[in-house]
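Enquirer: Next comes the structure file structure.txt, holding compact mmCIF, C-alpha atoms.
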```txt
# COMPACT_ATOMS: atom_id res chain seq x y z
CA MET A 18 -4.23 10.73 23.09
CA LYS A 19 -1.38 8.49 24.23
CA LYS A 20 2.08 9.29 22.89
CA GLU A 21 2.47 5.81 21.33
CA LYS A 22 -0.78 6.13 19.40
CA LEU A 23 0.15 9.62 18.25
CA ILE A 24 3.54 8.39 16.97
CA PHE A 25 1.81 5.49 15.23
CA PHE A 26 -0.51 7.91 13.40
CA LEU A 27 2.42 10.10 12.38
CA ASN A 28 4.36 7.05 11.16
CA GLU A 29 1.35 6.10 9.07
CA GLY A 30 1.24 9.61 7.55
CA LEU A 31 4.95 9.39 6.77
CA SER A 32 4.48 5.92 5.25
CA VAL A 33 1.67 7.11 2.96
CA GLU A 34 3.69 10.07 1.71
CA GLU A 35 7.01 8.26 1.28
CA ILE A 36 5.87 4.91 -0.07
CA PRO A 37 2.88 4.91 -2.42
CA THR A 38 2.65 8.61 -3.19
CA ILE A 39 6.22 9.55 -4.09
CA THR A 40 6.99 6.18 -5.70
CA ASN A 41 3.95 6.29 -7.94
CA ILE A 42 4.73 9.88 -9.01
CA LYS A 43 8.23 8.71 -9.97
CA GLU A 44 6.79 5.82 -12.01
CA ILE A 45 4.51 8.27 -13.85
CA GLU A 46 7.43 10.62 -14.57
CA GLU A 47 9.47 7.74 -16.00
CA ILE A 48 6.66 6.64 -18.32
CA ILE A 49 6.00 10.20 -19.52
CA LYS A 50 9.68 10.53 -20.48
CA LYS A 51 9.31 7.54 -22.76
CA VAL A 52 6.07 8.59 -24.41
CA ASN A 53 6.20 10.94 -27.39
CA PHE A 54 3.83 13.62 -26.16
CA ASP A 55 4.05 16.99 -27.87
CA GLU A 56 5.98 19.65 -25.99
CA LYS A 57 2.91 21.49 -24.68
CA THR A 58 1.26 18.33 -23.29
CA SER A 59 4.51 17.06 -21.83
CA LYS A 60 5.04 20.41 -20.09
CA LYS A 61 1.53 20.41 -18.63
CA LEU A 62 1.89 16.87 -17.30
CA ASN A 63 5.32 17.53 -15.81
CA GLU A 64 4.24 20.76 -14.15
CA GLY A 65 1.35 18.97 -12.47
CA LEU A 66 3.59 16.13 -11.30
CA GLN A 67 6.32 18.45 -10.05
CA HIS A 68 3.73 20.28 -7.97
CA LEU A 69 2.55 16.97 -6.46
CA GLU A 70 6.11 15.83 -5.83
CA LYS A 71 7.19 19.06 -4.15
CA GLU A 72 4.22 19.12 -1.79
CA THR A 73 4.49 15.39 -1.04
CA ILE A 74 8.12 15.86 0.02
CA ASN A 75 7.03 18.76 2.23
CA HIS A 76 4.38 16.53 3.79
CA ALA A 77 6.91 13.74 4.45
CA ASN A 78 9.27 16.26 6.06
CA ALA A 79 6.40 17.66 8.15
CA PHE A 80 5.52 14.17 9.42
CA SER A 81 9.20 13.41 10.18
CA SER A 82 9.46 16.62 12.13
CA MET A 83 6.26 15.88 14.10
CA ILE A 84 7.55 12.36 14.88
CA LYS A 85 10.77 13.86 16.30
CA THR A 86 8.75 16.27 18.44
CA ALA A 87 6.35 13.53 19.58
CA THR A 88 9.16 11.17 20.65
CA LYS A 89 10.44 13.89 23.00
CA MET A 90 7.02 14.46 24.58
CA LYS A 91 6.47 13.22 28.13
CA MET B 26 -0.42 -3.29 -22.07
CA THR B 27 0.22 -0.14 -24.10
CA PRO B 28 2.20 2.73 -22.55
CA ARG B 29 -0.89 4.91 -22.69
CA THR B 30 -2.90 2.36 -20.70
CA GLU B 31 -0.01 1.96 -18.27
CA LEU B 32 0.20 5.72 -17.79
CA LEU B 33 -3.55 5.98 -17.26
CA ASN B 34 -3.45 3.11 -14.76
CA LEU B 35 -0.68 4.84 -12.82
CA LEU B 36 -2.57 8.14 -12.84
CA ARG B 37 -5.75 6.42 -11.63
CA ASN B 38 -3.70 4.72 -8.94
CA GLN B 39 -2.35 8.16 -7.99
CA LEU B 40 -5.91 9.49 -7.73
CA GLU B 41 -6.82 6.65 -5.40
CA ILE B 42 -3.70 7.31 -3.28
CA GLU B 43 -4.55 11.02 -2.98
CA ILE B 44 -8.19 10.28 -1.99
CA LYS B 45 -7.10 7.71 0.60
CA SER B 46 -4.49 10.12 2.00
CA ARG B 47 -7.07 12.89 2.37
CA ASP B 48 -9.49 10.51 4.12
CA LEU B 49 -6.72 9.26 6.42
CA TYR B 50 -5.83 12.82 7.47
CA THR B 51 -9.51 13.66 8.01
CA ARG B 52 -9.57 10.74 10.45
CA PHE B 53 -6.37 11.95 12.14
CA LEU B 54 -7.91 15.40 12.63
CA GLY B 55 -10.81 13.81 14.49
CA GLU B 56 -8.49 11.93 16.84
CA ILE B 57 -5.34 14.00 17.38
CA ASP B 58 -5.76 16.65 20.05
CA LYS B 59 -2.37 18.39 19.92
CA ALA B 60 -3.17 21.83 18.47
CA ASP B 61 0.05 22.51 16.51
CA PHE B 62 0.00 19.03 14.95
CA LYS B 63 -3.67 19.49 14.01
CA LYS B 64 -2.83 22.75 12.26
CA THR B 65 -0.09 21.08 10.19
CA ILE B 66 -2.23 18.05 9.33
CA ASN B 67 -5.13 20.30 8.38
CA LYS B 68 -2.87 22.05 5.85
CA ILE B 69 -1.72 18.66 4.49
CA GLU B 70 -5.34 17.52 4.18
CA GLN B 71 -6.15 20.66 2.16
CA ASP B 72 -3.15 19.98 -0.09
CA GLU B 73 -4.46 16.46 -0.74
CA GLU B 74 -7.78 17.95 -1.85
CA LYS B 75 -5.85 20.07 -4.37
CA HIS B 76 -3.84 17.03 -5.47
CA ILE B 77 -7.07 15.14 -6.24
CA LYS B 78 -8.09 17.98 -8.57
CA ILE B 79 -4.65 18.09 -10.24
CA VAL B 80 -4.55 14.31 -10.85
CA LYS B 81 -8.07 14.39 -12.35
CA GLU B 82 -6.84 17.07 -14.76
CA LEU B 83 -3.77 14.99 -15.69
CA ILE B 84 -5.98 11.97 -16.42
CA GLN B 85 -8.16 14.14 -18.64
CA ILE B 86 -5.11 15.43 -20.56
CA VAL B 87 -3.90 11.88 -21.30
CA GLU B 88 -7.39 10.63 -22.18
CA ASP B 89 -7.88 13.51 -24.64
CA TYR B 90 -4.48 13.10 -26.26
CA GLY B 91 -4.25 11.68 -29.80
CA ILE B 92 -2.29 8.67 -31.04
CA ILE B 93 0.92 7.81 -29.19
CA LYS B 94 3.81 6.22 -31.10
CA GLU B 95 3.75 2.93 -29.29
CA LYS B 96 6.17 0.72 -31.20
CA LYS B 97 9.17 2.86 -30.35
CA ILE B 98 8.15 3.10 -26.72
CA LYS B 99 7.72 -0.65 -26.30
CA LYS B 100 11.28 -1.23 -27.51
CA GLU B 101 12.65 1.37 -25.11
CA PHE B 102 10.82 -0.23 -22.21
CA LYS B 103 12.66 -3.49 -22.80
CA GLU B 104 16.06 -1.90 -22.54
CA LYS B 105 17.54 -2.22 -19.09
CA ASP B 106 18.94 0.80 -17.33
CA GLU B 107 22.74 0.61 -17.21
CA GLY B 108 22.83 2.09 -13.71
CA GLU B 109 20.52 -0.62 -12.41
CA VAL B 110 22.77 -3.36 -13.75
CA LYS B 111 25.81 -1.80 -12.04
CA THR B 112 23.97 -1.42 -8.72
CA ASN B 113 22.85 -5.05 -8.75
CA LYS B 114 26.39 -6.22 -9.52
CA VAL B 115 27.77 -4.22 -6.57
CA ILE B 116 25.09 -5.64 -4.27
CA SER B 117 25.96 -9.20 -5.21
CA GLN B 118 29.65 -8.63 -4.39
CA ALA B 119 29.62 -6.78 -1.06
CA ASN B 120 28.54 -7.54 2.50
CA SER B 121 27.72 -3.99 3.50
CA ILE B 122 26.49 -1.28 1.19
CA PHE B 123 25.74 2.29 2.10
CA PHE B 124 23.04 3.34 -0.35
CA LEU B 125 22.80 7.12 -0.32
CA THR B 126 19.77 8.32 -2.20
CA ASP B 127 16.95 10.87 -2.12
CA LEU B 128 13.43 10.83 -0.81
CA GLU B 129 11.91 11.30 -4.27
CA THR B 130 13.33 8.11 -5.71
CA TYR B 131 14.50 5.82 -2.93
CA MET B 132 11.54 3.45 -2.83
CA TYR B 133 11.43 3.39 -6.62
CA LYS B 134 15.05 2.17 -6.56
CA ILE B 135 14.63 -0.28 -3.67
CA LYS B 136 11.80 -2.14 -5.34
CA ARG B 137 13.91 -2.57 -8.48
CA ILE B 138 16.86 -3.86 -6.45
CA LEU B 139 14.62 -6.31 -4.59
CA LYS B 140 12.92 -7.51 -7.76
CA GLU B 141 16.30 -8.26 -9.33
CA ASN B 142 17.66 -9.85 -6.16
CA LEU B 143 14.64 -12.10 -5.64
CA LYS B 144 14.39 -13.31 -9.25
CA GLU B 145 15.27 -16.81 -8.14
CA PRO B 146 12.43 -18.18 -5.98
CA SER B 147 14.95 -19.70 -3.56
CA LYS B 148 16.44 -16.28 -2.70
CA LYS B 149 15.32 -14.56 0.49
CA ALA B 150 15.45 -11.06 1.90
CA VAL B 151 14.84 -9.36 5.22
CA TYR B 152 13.20 -5.95 5.14
CA VAL B 153 13.58 -3.74 8.19
CA SER B 154 10.98 -0.99 8.11
CA TYR B 155 12.25 1.34 10.79
CA ASN B 156 9.66 4.08 10.78
CA LYS B 157 7.13 3.11 8.16
CA LEU B 158 4.17 0.76 8.29
CA PRO B 159 4.92 -2.47 6.37
CA LYS B 160 1.40 -2.67 4.93
CA TYR B 161 2.25 0.13 2.49
CA THR B 162 5.60 -1.42 1.55
CA LYS B 163 4.00 -4.83 1.02
CA LYS B 164 1.22 -3.43 -1.15
CA MET B 165 3.76 -1.66 -3.32
CA PHE B 166 5.86 -4.83 -3.65
CA ASP B 167 2.75 -6.82 -4.61
CA GLU B 168 1.88 -4.27 -7.30
CA TYR B 169 5.42 -4.57 -8.63
CA LYS B 170 5.13 -8.39 -8.65
CA ILE B 171 7.71 -8.93 -5.92
CA ASN B 172 6.85 -12.06 -4.00
CA SER B 173 6.41 -10.98 -0.37
CA ASN B 174 6.70 -14.63 0.68
CA GLN B 175 10.41 -14.37 -0.07
CA ILE B 176 10.75 -11.48 2.38
CA ILE B 177 10.70 -11.48 6.18
CA PHE B 178 9.49 -8.10 7.45
CA ILE B 179 10.77 -6.57 10.66
CA ASN B 180 9.07 -3.38 11.71
CA CYS B 181 10.10 -0.90 14.37
CA VAL B 182 6.93 1.16 14.54
CA GLY B 183 5.97 -0.40 17.85
CA VAL B 184 2.84 -2.23 16.64
CA SER B 185 2.53 -5.84 15.47
CA PHE B 186 1.28 -6.60 11.96
CA GLY B 187 0.29 -10.22 11.34
CA GLU B 188 3.34 -12.44 11.12
CA ASP B 189 5.81 -9.56 10.94
CA ILE B 190 8.43 -9.26 13.63
CA SER B 191 7.93 -6.13 15.71
CA ILE B 192 10.80 -4.45 17.60
CA ASN B 193 10.85 -1.35 19.75
CA PRO B 194 12.78 1.31 17.73
CA GLN B 195 14.80 2.19 20.84
CA ASP B 196 16.07 -1.36 21.30
CA LEU B 197 18.93 -1.69 18.82
CA THR B 198 20.39 -4.69 20.63
CA LYS B 199 17.17 -6.62 20.11
CA LEU B 200 17.04 -5.47 16.49
CA ALA B 201 20.58 -6.78 15.91
CA ILE B 202 19.81 -10.14 17.55
CA THR B 203 16.57 -10.47 15.58
CA ILE B 204 18.22 -9.75 12.21
CA ASN B 205 21.02 -12.24 12.92
CA ASN B 206 18.56 -14.92 14.06
CA THR B 207 16.31 -14.33 11.05
CA VAL B 208 19.07 -14.84 8.47
CA VAL B 209 20.38 -18.05 10.05
CA ASP B 210 18.70 -20.50 7.63
CA MET B 211 18.93 -18.26 4.55
CA LYS B 212 21.54 -18.52 1.82
CA ASN B 213 23.27 -15.14 1.19
CA PRO B 214 20.17 -13.07 1.90
CA LEU B 215 19.82 -9.35 1.31
CA VAL B 216 18.91 -7.33 4.41
CA VAL B 217 17.43 -3.94 3.57
CA ILE B 218 17.41 -1.27 6.27
CA ASP B 219 14.76 1.33 5.41
CA THR B 220 16.14 3.80 6.45
CA VAL B 221 19.21 4.21 8.66
CA SER B 222 18.54 7.96 8.52
CA ALA B 223 15.40 7.41 10.59
CA PHE B 224 17.48 5.93 13.44
CA SER B 225 18.43 9.48 14.38
CA VAL B 226 14.90 10.09 15.69
CA TYR B 227 15.74 7.84 18.65
CA HIS B 228 19.54 7.54 18.74
CA ASN B 229 22.68 9.69 18.56
CA ILE B 230 25.38 9.38 15.91
CA ASP B 231 27.77 7.40 18.14
CA LEU B 232 25.21 4.75 18.98
CA ILE B 233 24.06 4.42 15.36
CA SER B 234 27.69 4.13 14.25
CA LYS B 235 28.39 1.33 16.74
CA PHE B 236 25.26 -0.49 15.58
CA VAL B 237 26.16 -0.19 11.88
CA SER B 238 29.76 -1.23 12.46
CA SER B 239 28.76 -4.25 14.54
CA MET B 240 26.08 -5.33 12.04
CA ASN B 241 28.57 -5.07 9.18
CA ASP B 242 30.91 -7.42 11.07
CA SER B 243 28.04 -9.88 11.50
CA ALA B 244 27.16 -9.65 7.79
CA ARG B 245 30.76 -10.58 6.88
CA ARG B 246 30.88 -13.48 9.33
CA LYS B 247 27.43 -14.85 8.48
CA SER B 248 27.60 -14.17 4.71
CA TYR B 249 24.67 -11.87 4.20
CA THR B 250 24.43 -8.49 2.51
CA LEU B 251 23.31 -5.40 4.37
CA LEU B 252 21.87 -2.56 2.35
CA TRP B 253 21.80 0.55 4.52
CA VAL B 254 19.41 2.97 2.84
CA ALA B 255 20.24 6.57 3.77
CA LEU B 256 18.58 9.75 2.63
CA LYS B 257 20.53 12.79 1.50
CA SER B 258 19.79 15.79 3.69
CA GLU B 259 21.73 18.71 5.12
CA GLY B 260 20.92 17.65 8.67
CA GLY B 261 22.06 14.08 8.01
CA ALA B 262 25.38 14.86 6.30
CA ASP B 263 27.55 14.07 9.36
CA LEU B 264 25.75 10.81 10.03
CA ASN B 265 25.92 9.74 6.38
CA SER B 266 29.60 10.54 6.11
CA LYS B 267 30.43 8.57 9.25
CA LEU B 268 28.29 5.54 8.41
CA ALA B 269 29.57 5.37 4.83
CA SER B 270 33.08 4.85 6.18
CA PHE B 271 32.02 1.60 7.89
CA CYS B 272 30.67 -0.02 4.73
CA ASP B 273 32.39 -2.06 1.99
CA THR B 274 30.80 -0.01 -0.76
CA VAL B 275 28.99 3.30 -1.13
CA ILE B 276 26.38 3.78 -3.82
CA ASN B 277 25.47 7.42 -4.25
CA LYS B 278 22.65 8.01 -6.71
```
Written as structure tokens, that's how I'd like the structure from this file.

Expert:
Amino acid sequence: MKKEKLIFFLNEGLSVEEIPTITNIKEIEEIIKKVNFDEKTSKKLNEGLQHLEKETINHANAFSSMIKTATKMK
Amino acid sequence: MTPRTELLNLLRNQLEIEIKSRDLYTRFLGEIDKADFKKTINKIEQDEEKHIKIVKELIQIVEDYGIIKEKKIKKEFKEKDEGEVKTNKVISQANSIFFLTDLETYMYKIKRILKENLKEPSKKAVYVSYNKLPKYTKKMFDEYKINSNQIIFINCVGVSFGEDISINPQDLTKLAITINNTVVDMKNPLVVIDTVSAFSVYHNIDLISKFVSSMNDSARRKSYTLLWVALKSEGGADLNSKLASFCDTVINK
């Protein structure tokens, strides 16, 4: 695969993680804060979201790191 | 729309995002031949499969939940965040703003800033997407009811998208000329750089600093506002500290 195409793919992966995924998780977190769920439900929802958020950030960092490596490839 | 419906809509949207991400990475795995990249993407694809399961569970929890006190929530939704008001005031008064934020919330904040800034239909903005595909940014803006027709998109991912302007990420001179030509017929536009942190993939600190400093001078002379979005990270601390010193205002949130 050509370097340019590889970098394009990696940019697309980064875009997916940083734009719709993380932003939508943040929107959900904000709405949950404003809804009067009981403590147990609120905890369950937040734990699930925190897990998604943590792994999504790891994915974005992984794509950034691959982009850096790919730009240095000959 | 009730908050419960809004929450369910967002969760269903999240499910769709996770499914599309998994499918995208499945496609990547069929096309990318670099072994170490494949290994990393394979792990990410497996994570997305887990995310699909988690989001389905979250939807079920909300669907099964009893009555939500909606009156109180509706009132709270109408109240505007004090921080947002301050940020928008700062943006309207400066020519160059260094907006230091985090990966978790930066796009969430940018879309709010743009929505506020483009309230008047005559207002325009330029959006420089340095390392991300504009199709995702545009879709998100559409969902948030930001009129993309008021925004000129410049992308630096090396591939053309429709009417967007495409610039090679290594060619900062061309990027500078393009931004300055694009704002010529606009009245006090906002130029968002998403993100200046990504410049470091292709350029060193000195070159990025010269670019930022020179663009800030242009913004002052040509009466536009530059919003340099920068992400907080240990590796980027030196760059952020240096670039912040070139800007009229620093917003750190």

Enquirer: Chain B residues within 7 Å of chain A, counting all atoms listed in the file: which ones, as a PyMOL selection string?

Expert: chain B and resi 32+35+39+42+46+57-58+69+76+79+83+93-94+98+129-130+132-133+156-158+161-162+165+182+226

Enquirer: Any idea what the distance is between CA of Val217 (chain B) and CA of Val254 (chain B)?

Expert: 7.2 Å

Enquirer: Find the residue from B:Gly91, B:Gly187, B:Pro194, B:Pro214 that sits nearest to Leu143 (chain B); use all atoms listed in the file when measuring.

Expert: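 Going through B:Gly91, B:Gly187, B:Pro194, B:Pro214 one by one, the smallest distance to Leu143 (chain B) is for B:Pro214.
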
Enquirer: Here is a test: counting all atoms listed in the file, which residue of B:Leu200, B:Ala119, B:Ser258, B:Leu125 is nearest to Ala244 (chain B)?

Expert: B:Ala119

Enquirer: What separation in Å, quoted to one decimal, exists between CA of Asn180 (chain B) and CA of Asn265 (chain B)?

Expert: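 That distance, rounded to one decimal, is 22.0 Å.
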
Enquirer: Please report the interatomic distance between CA of Phe123 (chain B) and CA of Leu251 (chain B) in Å with one decimal.

Expert: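 CA of Phe123 (chain B) sits 8.4 Å away from CA of Leu251 (chain B).
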
Enquirer: Just checking: using all atoms listed in the file, which residue out of B:Gln195, B:Asn172, B:Gln118, B:Thr250 ends up closest to Ile218 (chain B)?

Expert: B:Thr250

Enquirer: With all atoms listed in the file as the basis for distance, which of B:Ile66, B:Ala150, B:Cys272, B:Leu215 is at the shortest distance from Ser117 (chain B)?

Expert: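 Distance minimum relative to Ser117 (chain B) lands on B:Leu215.
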
Enquirer: Of the residues B:Ile177, B:Val208, B:Leu232, B:Ile122, which is the one nearest to Asn277 (chain B), using only C-alpha atoms?

Expert: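 That would be B:Ile122, the residue with the smallest distance to Asn277 (chain B).
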
Enquirer: Would you place a box with edges along x, y and z of the file around all atoms of region 37-41 of chain A listed there, add 6 Å to each of its six sides, and report the centre and edge lengths in Å to one decimal, as lines of an AutoDock Vina configuration file?

Expert:
```
center_x = 4.8
center_y = 7.2
center_z = -5.2
size_x = 16.3
size_y = 16.6
size_z = 17.5
```

Enquirer: From the set B:Arg246, B:Lys212, B:Glu82, B:Gly261, which residue has the shortest atom-to-atom contact distance to Ser147 (chain B), counting only C-alpha atoms?

Expert: B:Lys212

Enquirer: Using the block above, I'd like chain A written out, keeping C-alpha atoms and formatting it as a JSON list (two decimals), in the first residue's frame.

Expert:
```json
[["chain", "number", "residue", "atom", "x", "y", "z"],
["A", 18, "MET", "CA", 0.00, 0.00, 0.00],
["A", 19, "LYS", "CA", 1.23, 3.49, -0.85],
["A", 20, "LYS", "CA", 2.29, 5.70, 2.05],
["A", 21, "GLU", "CA", -0.25, 8.42, 1.13],
["A", 22, "LYS", "CA", -3.14, 5.95, 1.16],
["A", 23, "LEU", "CA", -1.97, 4.49, 4.45],
["A", 24, "ILE", "CA", -1.82, 7.96, 6.05],
["A", 25, "PHE", "CA", -5.28, 8.73, 4.66],
["A", 26, "PHE", "CA", -6.69, 5.59, 6.31],
["A", 27, "LEU", "CA", -5.03, 6.46, 9.61],
["A", 28, "ASN", "CA", -6.36, 10.03, 9.42],
["A", 29, "GLU", "CA", -9.82, 8.59, 8.88],
["A", 30, "GLY", "CA", -9.43, 6.36, 11.97],
["A", 31, "LEU", "CA", -8.30, 9.37, 13.99],
["A", 32, "SER", "CA", -11.23, 11.43, 12.68],
["A", 33, "VAL", "CA", -13.77, 8.77, 13.66],
["A", 34, "GLU", "CA", -12.38, 8.48, 17.18],
["A", 35, "GLU", "CA", -11.89, 12.20, 17.83],
["A", 36, "ILE", "CA", -14.97, 13.66, 16.18],
["A", 37, "PRO", "CA", -18.19, 11.65, 16.39],
["A", 38, "THR", "CA", -17.21, 9.13, 19.06],
["A", 39, "ILE", "CA", -15.71, 11.29, 21.80],
["A", 40, "THR", "CA", -18.05, 14.23, 21.15],
["A", 41, "ASN", "CA", -21.17, 12.09, 21.35],
["A", 42, "ILE", "CA", -19.96, 10.44, 24.58],
["A", 43, "LYS", "CA", -19.49, 13.93, 26.05],
["A", 44, "GLU", "CA", -23.03, 14.93, 25.00],
["A", 45, "ILE", "CA", -24.41, 11.80, 26.69],
["A", 46, "GLU", "CA", -22.46, 12.53, 29.89],
["A", 47, "GLU", "CA", -23.83, 16.08, 29.98],
["A", 48, "ILE", "CA", -27.43, 14.92, 29.59],
["A", 49, "ILE", "CA", -27.04, 12.22, 32.25],
["A", 50, "LYS", "CA", -25.81, 14.86, 34.72],
["A", 51, "LYS", "CA", -29.04, 16.76, 34.23],
["A", 52, "VAL", "CA", -31.38, 13.79, 34.52],
["A", 53, "ASN", "CA", -32.48, 12.65, 37.97],
["A", 54, "PHE", "CA", -31.52, 9.01, 37.74],
["A", 55, "ASP", "CA", -31.17, 7.14, 41.02],
["A", 56, "GLU", "CA", -27.62, 6.67, 42.26],
["A", 57, "LYS", "CA", -27.32, 3.03, 41.15],
["A", 58, "THR", "CA", -28.51, 3.72, 37.59],
["A", 59, "SER", "CA", -26.40, 6.84, 37.29],
["A", 60, "LYS", "CA", -23.33, 4.89, 38.42],
["A", 61, "LYS", "CA", -23.97, 2.10, 35.91],
["A", 62, "LEU", "CA", -24.39, 4.56, 33.03],
["A", 63, "ASN", "CA", -21.31, 6.56, 33.98],
["A", 64, "GLU", "CA", -19.14, 3.47, 34.37],
["A", 65, "GLY", "CA", -20.11, 2.30, 30.90],
["A", 66, "LEU", "CA", -19.41, 5.73, 29.39],
["A", 67, "GLN", "CA", -16.09, 6.14, 31.18],
["A", 68, "HIS", "CA", -14.98, 2.79, 29.78],
["A", 69, "LEU", "CA", -15.93, 3.92, 26.26],
["A", 70, "GLU", "CA", -14.23, 7.28, 26.72],
["A", 71, "LYS", "CA", -11.00, 5.82, 28.06],
["A", 72, "GLU", "CA", -10.66, 3.31, 25.22],
["A", 73, "THR", "CA", -11.64, 5.88, 22.58],
["A", 74, "ILE", "CA", -8.86, 8.20, 23.78],
["A", 75, "ASN", "CA", -6.44, 5.26, 23.61],
["A", 76, "HIS", "CA", -7.58, 4.58, 20.05],
["A", 77, "ALA", "CA", -7.11, 8.23, 19.04],
["A", 78, "ASN", "CA", -3.62, 8.20, 20.56],
["A", 79, "ALA", "CA", -2.83, 4.92, 18.76],
["A", 80, "PHE", "CA", -3.88, 6.42, 15.41],
["A", 81, "SER", "CA", -1.86, 9.60, 16.08],
["A", 82, "SER", "CA", 1.17, 7.51, 16.86],
["A", 83, "MET", "CA", 0.74, 5.40, 13.70],
["A", 84, "ILE", "CA", 0.37, 8.59, 11.62],
["A", 85, "LYS", "CA", 3.68, 9.88, 13.02],
["A", 86, "THR", "CA", 5.37, 6.59, 12.18],
["A", 87, "ALA", "CA", 3.82, 6.46, 8.70],
["A", 88, "THR", "CA", 4.93, 10.01, 7.81],
["A", 89, "LYS", "CA", 8.53, 8.96, 8.48],
["A", 90, "MET", "CA", 8.29, 5.87, 6.28],
["A", 91, "LYS", "CA", 10.13, 5.92, 2.94]]
```
